[in-house]
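The structure file model25.tsv is reproduced below (TSV, C-alpha atoms and all ligand atoms).
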```tsv
chain	number	residue	atom	x	y	z
A	1	MET	CA	-9.97	14.81	26.06
A	2	ALA	CA	-6.71	16.35	27.21
A	3	GLY	CA	-6.42	19.96	28.30
A	4	VAL	CA	-10.09	20.64	28.99
A	5	SER	CA	-12.19	20.47	32.14
A	6	ARG	CA	-14.61	17.59	32.73
A	7	LYS	CA	-17.47	19.99	32.17
A	8	GLU	CA	-16.07	21.18	28.84
A	9	ALA	CA	-15.33	17.58	27.80
A	10	ARG	CA	-18.92	16.59	28.45
A	11	THR	CA	-20.25	19.63	26.60
A	12	ARG	CA	-18.12	18.73	23.58
A	13	ALA	CA	-19.10	15.05	23.76
A	14	VAL	CA	-22.79	15.91	23.81
A	15	ALA	CA	-22.35	18.39	20.94
A	16	GLY	CA	-20.46	15.73	18.95
A	17	LEU	CA	-23.19	13.11	19.47
A	18	ASP	CA	-25.84	15.67	18.59
A	19	ARG	CA	-23.95	16.57	15.39
A	20	VAL	CA	-24.07	12.96	14.15
A	21	GLY	CA	-27.79	12.69	14.85
A	22	ILE	CA	-27.91	10.78	18.15
A	23	PRO	CA	-31.34	11.66	19.58
A	24	ASP	CA	-31.43	13.07	23.12
A	25	ALA	CA	-27.64	13.36	23.06
A	26	ALA	CA	-27.27	14.69	26.64
A	27	ARG	CA	-28.95	11.62	28.10
A	28	ARG	CA	-27.40	9.20	25.60
A	29	SER	CA	-23.91	10.46	26.39
A	30	ARG	CA	-24.19	8.64	29.72
A	31	ALA	CA	-25.27	5.32	28.15
A	32	PHE	CA	-23.05	2.23	27.78
A	33	PRO	CA	-22.11	0.99	24.30
A	34	HIS	CA	-24.34	-2.07	24.62
A	35	GLU	CA	-27.28	0.29	25.07
A	36	TYR	CA	-26.70	1.73	21.58
A	37	SER	CA	-27.81	0.06	18.34
A	38	GLY	CA	-25.12	-0.89	15.82
A	39	GLY	CA	-25.86	2.19	13.72
A	40	MET	CA	-25.69	4.46	16.77
A	41	ARG	CA	-22.31	2.98	17.73
A	42	GLN	CA	-21.00	3.76	14.24
A	43	ARG	CA	-22.21	7.34	14.61
A	44	ALA	CA	-20.68	7.61	18.07
A	45	VAL	CA	-17.29	6.50	16.69
A	46	ILE	CA	-17.52	9.16	13.99
A	47	ALA	CA	-18.34	11.74	16.68
A	48	MET	CA	-15.30	10.58	18.69
A	49	ALA	CA	-13.09	10.99	15.63
A	50	THR	CA	-14.13	14.59	15.05
A	51	VAL	CA	-14.96	15.95	18.50
A	52	ASN	CA	-11.47	17.43	19.00
A	53	GLU	CA	-11.64	19.19	15.62
A	54	PRO	CA	-8.71	17.34	14.03
A	55	ASP	CA	-6.95	18.54	10.88
A	56	VAL	CA	-7.11	15.04	9.35
A	57	VAL	CA	-9.57	12.17	9.82
A	58	VAL	CA	-8.43	8.71	8.65
A	59	ALA	CA	-11.26	6.25	7.95
A	60	ASP	CA	-9.75	2.79	7.38
A	61	GLU	CA	-12.14	0.49	5.47
A	62	PRO	CA	-15.19	2.21	7.01
A	63	THR	CA	-17.70	0.32	4.86
A	64	THR	CA	-16.51	-3.27	5.22
A	65	ALA	CA	-19.45	-5.71	5.45
A	66	LEU	CA	-22.07	-2.97	5.04
A	67	ASP	CA	-24.89	-3.14	2.50
A	68	GLU	CA	-25.20	-0.36	-0.06
A	69	GLU	CA	-27.75	1.72	1.85
A	70	ARG	CA	-25.81	1.56	5.12
A	71	ARG	CA	-22.58	2.24	3.27
A	72	ASP	CA	-23.88	5.52	1.87
A	73	GLN	CA	-25.18	6.56	5.29
A	74	VAL	CA	-21.86	5.82	6.96
A	75	LEU	CA	-19.88	7.69	4.30
A	76	ARG	CA	-22.13	10.70	4.26
A	77	LEU	CA	-21.50	11.28	7.95
A	78	PRO	CA	-17.70	11.61	7.86
A	79	ALA	CA	-18.04	13.97	4.88
A	80	GLU	CA	-20.49	16.16	6.80
A	81	GLN	CA	-18.32	16.05	9.91
A	82	ARG	CA	-15.26	16.90	7.87
A	83	GLU	CA	-16.95	20.04	6.59
A	84	ALA	CA	-18.24	20.91	10.06
A	85	VAL	CA	-14.79	20.79	11.67
A	86	GLY	CA	-12.74	21.76	8.58
A	87	ALA	CA	-10.73	18.52	8.44
A	88	ALA	CA	-9.27	16.60	5.51
A	89	LEU	CA	-10.66	13.08	5.14
A	90	VAL	CA	-8.44	10.15	4.15
A	91	LEU	CA	-10.45	7.09	3.12
A	92	VAL	CA	-8.62	3.75	2.99
A	93	THR	CA	-10.70	1.29	0.97
A	94	HIS	CA	-10.80	-1.47	-1.63
A	95	ASP	CA	-14.34	-0.47	-2.63
A	96	MET	CA	-14.20	1.22	-6.04
A	97	ASP	CA	-17.70	2.70	-5.70
A	98	VAL	CA	-16.70	4.39	-2.46
A	99	VAL	CA	-13.70	5.91	-4.20
A	100	GLY	CA	-15.64	7.36	-7.11
A	101	GLY	CA	-18.32	9.02	-5.03
A	102	HIS	CA	-16.41	10.31	-2.03
A	103	ALA	CA	-12.86	11.29	-2.93
A	104	ASP	CA	-11.20	14.17	-4.78
A	105	ARG	CA	-7.89	12.47	-5.50
A	106	VAL	CA	-7.05	8.77	-5.48
A	107	PRO	CA	-3.60	7.36	-4.74
A	108	VAL	CA	-3.49	3.61	-5.43
A	109	MET	CA	-1.01	1.66	-3.32
A	110	TYR	CA	0.44	-1.81	-3.75
A	111	ALA	CA	2.80	-3.39	-1.21
A	112	GLY	CA	3.13	0.00	0.49
A	113	ARG	CA	4.21	1.79	-2.68
A	114	LEU	CA	2.35	4.32	-4.81
A	115	THR	CA	1.40	2.88	-8.21
A	116	GLU	CA	-1.00	5.54	-9.51
A	117	LEU	CA	-2.30	8.96	-8.46
A	118	GLY	CA	-5.12	10.68	-10.29
A	119	ALA	CA	-8.43	12.51	-9.99
A	120	ALA	CA	-11.22	10.47	-8.41
A	121	ASP	CA	-13.46	10.68	-11.47
A	122	GLU	CA	-10.72	9.13	-13.60
A	123	ALA	CA	-8.36	6.87	-11.68
A	124	PRO	CA	-10.76	4.08	-10.63
A	125	ALA	CA	-12.98	4.16	-13.74
A	126	ARG	CA	-10.15	4.46	-16.25
A	127	PRO	CA	-7.13	2.89	-14.60
A	128	ARG	CA	-3.71	3.36	-16.17
A	129	ALA	CA	-1.55	1.11	-13.97
A	130	PRO	CA	-1.88	-2.70	-14.21
A	131	CYS	CA	-2.24	-2.96	-10.45
A	132	THR	CA	-5.15	-0.49	-10.41
A	133	ALA	CA	-6.71	-2.16	-13.42
A	134	GLY	CA	-7.37	-5.39	-11.54
A	135	LEU	CA	-9.84	-3.60	-9.26
A	136	PRO	CA	-12.55	-2.54	-11.77
A	137	ALA	CA	-11.96	-5.77	-13.67
A	138	SER	CA	-13.09	-7.65	-10.55
A	139	LEU	CA	-16.50	-5.93	-10.44
A	140	PRO	CA	-19.35	-8.22	-11.58
A	141	ARG	CA	-20.85	-5.43	-13.71
A	142	ASN	CA	-17.64	-5.35	-15.77
A	143	ALA	CA	-17.57	-9.11	-16.40
A	144	LEU	CA	-17.69	-10.22	-20.02
A	145	PRO	CA	-20.59	-12.51	-21.04
A	146	GLU	CA	-19.91	-16.20	-20.35
A	147	ARG	CA	-16.63	-15.50	-18.62
A	148	HIS	CA	-15.68	-15.90	-15.03
A	149	LEU	CA	-14.57	-12.83	-13.15
A	150	PRO	CA	-10.82	-12.47	-13.59
A	151	ALA	CA	-8.60	-12.87	-10.56
A	152	LEU	CA	-5.07	-11.65	-9.99
A	153	ARG	CA	-2.74	-14.61	-10.13
A	154	GLY	CA	-0.55	-15.36	-7.14
A	155	THR	CA	-0.70	-13.75	-3.72
A	156	PRO	CA	0.37	-10.41	-2.25
A	157	PRO	CA	4.07	-10.20	-1.35
A	158	VAL	CA	5.29	-10.50	2.22
A	159	PRO	CA	5.99	-6.93	3.43
A	160	GLY	CA	9.44	-7.80	4.75
A	161	ALA	CA	10.48	-9.67	1.60
A	162	LEU	CA	9.35	-7.61	-1.39
A	163	PRO	CA	10.59	-8.85	-4.77
A	164	THR	CA	13.36	-6.91	-6.52
A	165	GLY	CA	12.06	-4.33	-8.97
A	166	CYS	CA	8.32	-3.74	-9.22
A	167	ALA	CA	6.50	-5.41	-6.33
A	168	PHE	CA	3.59	-6.20	-8.66
A	169	ALA	CA	5.74	-7.99	-11.26
A	170	PRO	CA	4.99	-11.59	-10.15
A	171	ARG	CA	1.28	-10.92	-10.71
A	172	CYS	CA	1.36	-8.52	-13.65
A	173	PRO	CA	0.32	-9.69	-17.15
A	174	LEU	CA	2.65	-7.06	-18.66
A	175	ALA	CA	5.77	-7.76	-16.58
A	176	ALA	CA	9.01	-7.53	-18.60
A	177	ASP	CA	12.66	-8.10	-17.65
A	178	ALA	CA	13.13	-4.46	-16.58
A	179	CYS	CA	10.21	-4.81	-14.16
A	180	ARG	CA	12.06	-7.53	-12.23
A	181	THR	CA	15.26	-5.58	-11.77
A	182	ALA	CA	14.41	-1.90	-11.22
A	183	GLU	CA	11.69	-0.41	-9.02
A	184	PRO	CA	9.64	2.03	-11.15
A	185	GLU	CA	9.68	5.64	-9.94
A	186	PRO	CA	6.42	7.63	-10.11
A	187	ARG	CA	6.37	9.92	-13.18
A	188	GLU	CA	3.73	11.98	-14.92
A	189	VAL	CA	1.98	10.31	-17.85
A	190	ASP	CA	-1.10	11.92	-19.45
A	191	GLY	CA	-1.76	14.05	-16.39
A	192	ARG	CA	-1.40	11.22	-13.89
A	193	LEU	CA	1.39	10.04	-11.67
A	194	LEU	CA	2.24	6.45	-12.60
A	195	ALA	CA	4.88	4.11	-11.20
A	196	CYS	CA	5.11	1.62	-14.06
A	197	HIS	CA	7.90	0.96	-16.57
A	198	ARG	CA	5.34	0.27	-19.28
A	199	ALA	CA	2.86	3.06	-18.55
A	200	GLU	CA	2.92	4.34	-22.14
A	201	GLU	CA	2.16	0.87	-23.52
A	202	LEU	CA	-0.91	0.08	-21.45
A	203	PRO	CA	-4.17	-0.58	-23.30
A	204	HIS	CA	-6.90	1.93	-22.55
A	205	PRO	CA	-8.78	1.16	-20.37
A	206	ALA	CA	-6.13	-0.98	-18.74
A	207	HIS	CA	-8.57	-3.34	-17.04
A	208	ALA	CA	-9.03	-4.99	-20.45
A	209	LEU	CA	-5.75	-6.69	-19.55
A	210	PHE	CA	-7.54	-8.73	-16.93
A	211	LEU	CA	-10.87	-9.18	-18.69
A	212	LYS	CA	-9.05	-11.29	-21.27
A	213	GLU	CA	-7.96	-13.74	-18.60
A	214	PRO	CA	-10.50	-16.26	-17.26
A	215	ARG	CA	-10.16	-17.13	-13.59
A	216	THR	CA	-7.51	-19.79	-13.02
A	217	ALA	CA	-7.41	-19.92	-9.23
B	1	LIG	S1	6.39	-1.90	-13.80
B	1	LIG	FE1	6.15	-3.78	-15.00
B	1	LIG	S2	5.44	-5.32	-13.52
B	1	LIG	FE2	5.15	-3.31	-12.57
B	1	LIG	S3	3.05	-2.79	-13.07
B	1	LIG	FE3	4.32	-1.89	-14.67
B	1	LIG	S4	4.36	-3.45	-16.31
B	1	LIG	FE4	3.62	-4.46	-14.45
```
Take the structure in the file and write it out as structure tokens.
Ligand code: SF4
Amino acid sequence: MAGVSRKEARTRAVAGLDRVGIPDAARRSRAFPHEYSGGMRQRAVIAMATVNEPDVVVADEPTTALDEERRDQVLRLPAEQREAVGAALVLVTHDMDVVGGHADRVPVMYAGRLTELGAADEAPARPRAPCTAGLPASLPRNALPERHLPALRGTPPVPGALPTGCAFAPRCPLAADACRTAEPEPREVDGRLLACHRAEELPHPAHALFLKEPRTA
């Protein structure tokens, strides 16, 4: 902690550990990481992220490899900490359930570019961009009877060698000639920001695009 005395730093560290529910925080603040359980280490990291009362907390894939119960516990903590210190929380995730329950607004990115921006209760559940649509289509609960889960064809582009036009075109079931020549600019369509040349033509919900395609890979 820069700019504070050792005594103040320890006071803040203990308060931070206490805030995330570490029992006997004063004593535990002197423990080594290997003396904490896995769950306590996750809490300690959340305390570290908020102890200096930041304006913004970025949680990058915070729920990877966690089961559902642990996932909800881990996500609840940053939300509580965010309110306690008055910070904005940016969640970076591929988990659609995390998005729906824990975000206010959802920007969807592909190859470093914005493809869709909408309210959290709409964007993941009712996608409007083909790129976004592949995500709910990949959830087992959305699979059609007797069909494999659909998969996006191809692979993600290399960041230093993006294709001309829309970066999603090589994988998009709706790609047209215009998509391969001009990069789509974000524009407002039905209350959402969409970067897609064919936004007005998309079926609703757009993930039907992918549910029609059995897995080929
Ligand atoms: S701009 Fe074209 S290729 Fe890109 S997502 Fe829209 S339809 Fe697909």
Report as a compact mmCIF listing (two decimals) with C-alpha atoms, keeping the file's coordinate frame which protein, DNA and RNA residues come within 10 Å of ligand LIG 1 (chain B), using all atoms listed in the file.
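Output file pocket.txt follows:
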```txt
# COMPACT_ATOMS: atom_id res chain seq x y z
CA TYR A 110 0.44 -1.81 -3.75
CA THR A 115 1.40 2.88 -8.21
CA GLU A 116 -1.00 5.54 -9.51
CA ARG A 128 -3.71 3.36 -16.17
CA ALA A 129 -1.55 1.11 -13.97
CA PRO A 130 -1.88 -2.70 -14.21
CA CYS A 131 -2.24 -2.96 -10.45
CA THR A 132 -5.15 -0.49 -10.41
CA ALA A 133 -6.71 -2.16 -13.42
CA GLY A 165 12.06 -4.33 -8.97
CA CYS A 166 8.32 -3.74 -9.22
CA ALA A 167 6.50 -5.41 -6.33
CA PHE A 168 3.59 -6.20 -8.66
CA ALA A 169 5.74 -7.99 -11.26
CA PRO A 170 4.99 -11.59 -10.15
CA ARG A 171 1.28 -10.92 -10.71
CA CYS A 172 1.36 -8.52 -13.65
CA PRO A 173 0.32 -9.69 -17.15
CA LEU A 174 2.65 -7.06 -18.66
CA ALA A 175 5.77 -7.76 -16.58
CA ALA A 176 9.01 -7.53 -18.60
CA ASP A 177 12.66 -8.10 -17.65
CA ALA A 178 13.13 -4.46 -16.58
CA CYS A 179 10.21 -4.81 -14.16
CA ARG A 180 12.06 -7.53 -12.23
CA THR A 181 15.26 -5.58 -11.77
CA ALA A 182 14.41 -1.90 -11.22
CA GLU A 183 11.69 -0.41 -9.02
CA PRO A 184 9.64 2.03 -11.15
CA GLU A 185 9.68 5.64 -9.94
CA LEU A 194 2.24 6.45 -12.60
CA ALA A 195 4.88 4.11 -11.20
CA CYS A 196 5.11 1.62 -14.06
CA HIS A 197 7.90 0.96 -16.57
CA ARG A 198 5.34 0.27 -19.28
CA ALA A 199 2.86 3.06 -18.55
CA GLU A 200 2.92 4.34 -22.14
CA GLU A 201 2.16 0.87 -23.52
CA LEU A 202 -0.91 0.08 -21.45
```
Å distance separating CA of Val57 (chain A) from CA of Ala87 (chain A), one decimal place: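 Between these atoms lies a distance of 6.6 Å.
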Take every atom of region 6-18 of chain A listed in the file, pad by 5 Å on each side, and give me the axis-aligned box centre and edge lengths in Å, one decimal, as JSON.
```
{"center_x": -20.2, "center_y": 17.1, "center_z": 25.7, "size_x": 21.2, "size_y": 18.1, "size_z": 24.1}
```
Distance criterion (only C-alpha atoms): nearest to Glu80 (chain A) out of A:Pro127, A:Gly134, A:Pro107, A:Gly21: A:Gly21
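Between CA of Asp24 (chain A) and CA of Tyr36 (chain A) there is a distance of 12.4 Å.
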Hey, which of A:Ala103, A:Met96, A:Ala88, A:Ile22 ends up closest to Thr50 (chain A)? Count all atoms listed in the file. A:Ala88
With distances taken over only C-alpha atoms, which of A:Asp60, A:Pro33, A:Ile46, A:Arg113 is nearest to Pro78 (chain A)? A:Ile46
Counting only C-alpha atoms, figure out which residue out of A:Val106, A:Ala15, A:Leu152, A:Asp72 gets nearest to Ala44 (chain A). A:Ala15
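The residue that comes closest to Val20 (chain A), out of A:Phe210, A:Pro159, A:Arg41, A:Glu35 and on the basis of all atoms listed in the file, is A:Arg41.
With CA of Val189 (chain A) on one side and CA of Gly112 (chain A) on the other, the separation reads 21.1 Å.
Residue nearest Arg105 (chain A), chosen from A:Ala151, A:Val85, A:Leu193, A:Ala79 and counting all atoms listed in the file: A:Leu193.
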Missing atoms in region 171-182 of chain A: can you complete it with all heavy atoms, as a PDB file, keeping the file's coordinate frame?
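Just written: part27.pdb:
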```pdb
ATOM      1  N   ARG A 171       2.711 -10.755 -10.447  1.00  0.00           N
ATOM      2  CA  ARG A 171       1.280 -10.920 -10.710  1.00  0.00           C
ATOM      3  C   ARG A 171       0.824 -10.144 -11.953  1.00  0.00           C
ATOM      4  O   ARG A 171      -0.336 -10.182 -12.323  1.00  0.00           O
ATOM      5  CB  ARG A 171       0.474 -10.432  -9.494  1.00  0.00           C
ATOM      6  CG  ARG A 171       1.007 -10.956  -8.180  1.00  0.00           C
ATOM      7  CD  ARG A 171       0.197 -10.484  -7.003  1.00  0.00           C
ATOM      8  NE  ARG A 171      -1.059 -11.192  -6.910  1.00  0.00           N
ATOM      9  CZ  ARG A 171      -2.020 -10.909  -6.034  1.00  0.00           C
ATOM     10  NH1 ARG A 171      -1.847  -9.912  -5.183  1.00  0.00           N
ATOM     11  NH2 ARG A 171      -3.124 -11.598  -6.003  1.00  0.00           N
ATOM     12  N   CYS A 172       1.731  -9.463 -12.583  1.00  0.00           N
ATOM     13  CA  CYS A 172       1.360  -8.520 -13.650  1.00  0.00           C
ATOM     14  C   CYS A 172       1.399  -9.191 -15.019  1.00  0.00           C
ATOM     15  O   CYS A 172       2.411  -9.779 -15.402  1.00  0.00           O
ATOM     16  CB  CYS A 172       2.322  -7.326 -13.629  1.00  0.00           C
ATOM     17  SG  CYS A 172       1.957  -6.124 -14.921  1.00  0.00           S
ATOM     18  N   PRO A 173       0.310  -9.087 -15.809  1.00  0.00           N
ATOM     19  CA  PRO A 173       0.320  -9.690 -17.150  1.00  0.00           C
ATOM     20  C   PRO A 173       1.242  -8.978 -18.126  1.00  0.00           C
ATOM     21  O   PRO A 173       1.509  -9.505 -19.204  1.00  0.00           O
ATOM     22  CB  PRO A 173      -1.153  -9.567 -17.591  1.00  0.00           C
ATOM     23  CG  PRO A 173      -1.756  -8.527 -16.731  1.00  0.00           C
ATOM     24  CD  PRO A 173      -0.995  -8.499 -15.446  1.00  0.00           C
ATOM     25  N   LEU A 174       1.753  -7.798 -17.756  1.00  0.00           N
ATOM     26  CA  LEU A 174       2.650  -7.060 -18.660  1.00  0.00           C
ATOM     27  C   LEU A 174       4.105  -7.088 -18.215  1.00  0.00           C
ATOM     28  O   LEU A 174       4.943  -6.414 -18.817  1.00  0.00           O
ATOM     29  CB  LEU A 174       2.210  -5.598 -18.749  1.00  0.00           C
ATOM     30  CG  LEU A 174       1.023  -5.254 -19.642  1.00  0.00           C
ATOM     31  CD1 LEU A 174       0.862  -3.751 -19.729  1.00  0.00           C
ATOM     32  CD2 LEU A 174       1.204  -5.838 -21.030  1.00  0.00           C
ATOM     33  N   ALA A 175       4.418  -7.819 -17.151  1.00  0.00           N
ATOM     34  CA  ALA A 175       5.770  -7.760 -16.580  1.00  0.00           C
ATOM     35  C   ALA A 175       6.841  -8.117 -17.626  1.00  0.00           C
ATOM     36  O   ALA A 175       6.705  -9.089 -18.367  1.00  0.00           O
ATOM     37  CB  ALA A 175       5.871  -8.700 -15.390  1.00  0.00           C
ATOM     38  N   ALA A 176       7.884  -7.299 -17.678  1.00  0.00           N
ATOM     39  CA  ALA A 176       9.010  -7.530 -18.600  1.00  0.00           C
ATOM     40  C   ALA A 176      10.286  -7.645 -17.752  1.00  0.00           C
ATOM     41  O   ALA A 176      10.255  -7.456 -16.527  1.00  0.00           O
ATOM     42  CB  ALA A 176       9.115  -6.382 -19.591  1.00  0.00           C
ATOM     43  N   ASP A 177      11.402  -7.915 -18.396  1.00  0.00           N
ATOM     44  CA  ASP A 177      12.660  -8.100 -17.650  1.00  0.00           C
ATOM     45  C   ASP A 177      12.985  -6.891 -16.784  1.00  0.00           C
ATOM     46  O   ASP A 177      13.393  -7.030 -15.630  1.00  0.00           O
ATOM     47  CB  ASP A 177      13.812  -8.374 -18.626  1.00  0.00           C
ATOM     48  CG  ASP A 177      13.699  -9.770 -19.244  1.00  0.00           C
ATOM     49  OD1 ASP A 177      12.895 -10.573 -18.717  1.00  0.00           O
ATOM     50  OD2 ASP A 177      14.392 -10.031 -20.234  1.00  0.00           O
ATOM     51  N   ALA A 178      12.795  -5.679 -17.338  1.00  0.00           N
ATOM     52  CA  ALA A 178      13.130  -4.460 -16.580  1.00  0.00           C
ATOM     53  C   ALA A 178      12.313  -4.361 -15.305  1.00  0.00           C
ATOM     54  O   ALA A 178      12.774  -3.825 -14.292  1.00  0.00           O
ATOM     55  CB  ALA A 178      12.885  -3.229 -17.449  1.00  0.00           C
ATOM     56  N   CYS A 179      11.086  -4.905 -15.332  1.00  0.00           N
ATOM     57  CA  CYS A 179      10.210  -4.810 -14.160  1.00  0.00           C
ATOM     58  C   CYS A 179      10.764  -5.621 -12.991  1.00  0.00           C
ATOM     59  O   CYS A 179      10.459  -5.327 -11.834  1.00  0.00           O
ATOM     60  CB  CYS A 179       8.818  -5.322 -14.504  1.00  0.00           C
ATOM     61  SG  CYS A 179       8.071  -4.505 -15.919  1.00  0.00           S
ATOM     62  N   ARG A 180      11.565  -6.641 -13.296  1.00  0.00           N
ATOM     63  CA  ARG A 180      12.060  -7.530 -12.230  1.00  0.00           C
ATOM     64  C   ARG A 180      13.411  -7.089 -11.690  1.00  0.00           C
ATOM     65  O   ARG A 180      13.964  -7.725 -10.806  1.00  0.00           O
ATOM     66  CB  ARG A 180      12.145  -8.962 -12.764  1.00  0.00           C
ATOM     67  CG  ARG A 180      10.791  -9.501 -13.197  1.00  0.00           C
ATOM     68  CD  ARG A 180      10.843 -10.960 -13.624  1.00  0.00           C
ATOM     69  NE  ARG A 180       9.551 -11.347 -14.189  1.00  0.00           N
ATOM     70  CZ  ARG A 180       9.207 -11.262 -15.470  1.00  0.00           C
ATOM     71  NH1 ARG A 180      10.098 -10.816 -16.346  1.00  0.00           N
ATOM     72  NH2 ARG A 180       8.011 -11.603 -15.890  1.00  0.00           N
ATOM     73  N   THR A 181      13.947  -6.027 -12.235  1.00  0.00           N
ATOM     74  CA  THR A 181      15.260  -5.580 -11.770  1.00  0.00           C
ATOM     75  C   THR A 181      15.254  -4.173 -11.183  1.00  0.00           C
ATOM     76  O   THR A 181      16.024  -3.885 -10.266  1.00  0.00           O
ATOM     77  CB  THR A 181      16.284  -5.615 -12.924  1.00  0.00           C
ATOM     78  OG1 THR A 181      15.770  -4.867 -14.025  1.00  0.00           O
ATOM     79  CG2 THR A 181      16.555  -7.044 -13.369  1.00  0.00           C
ATOM     80  N   ALA A 182      14.398  -3.289 -11.687  1.00  0.00           N
ATOM     81  CA  ALA A 182      14.410  -1.900 -11.220  1.00  0.00           C
ATOM     82  C   ALA A 182      13.025  -1.475 -10.737  1.00  0.00           C
ATOM     83  O   ALA A 182      12.024  -1.704 -11.431  1.00  0.00           O
ATOM     84  CB  ALA A 182      14.857  -0.967 -12.352  1.00  0.00           C
TER      85      ALA A 182
END
```
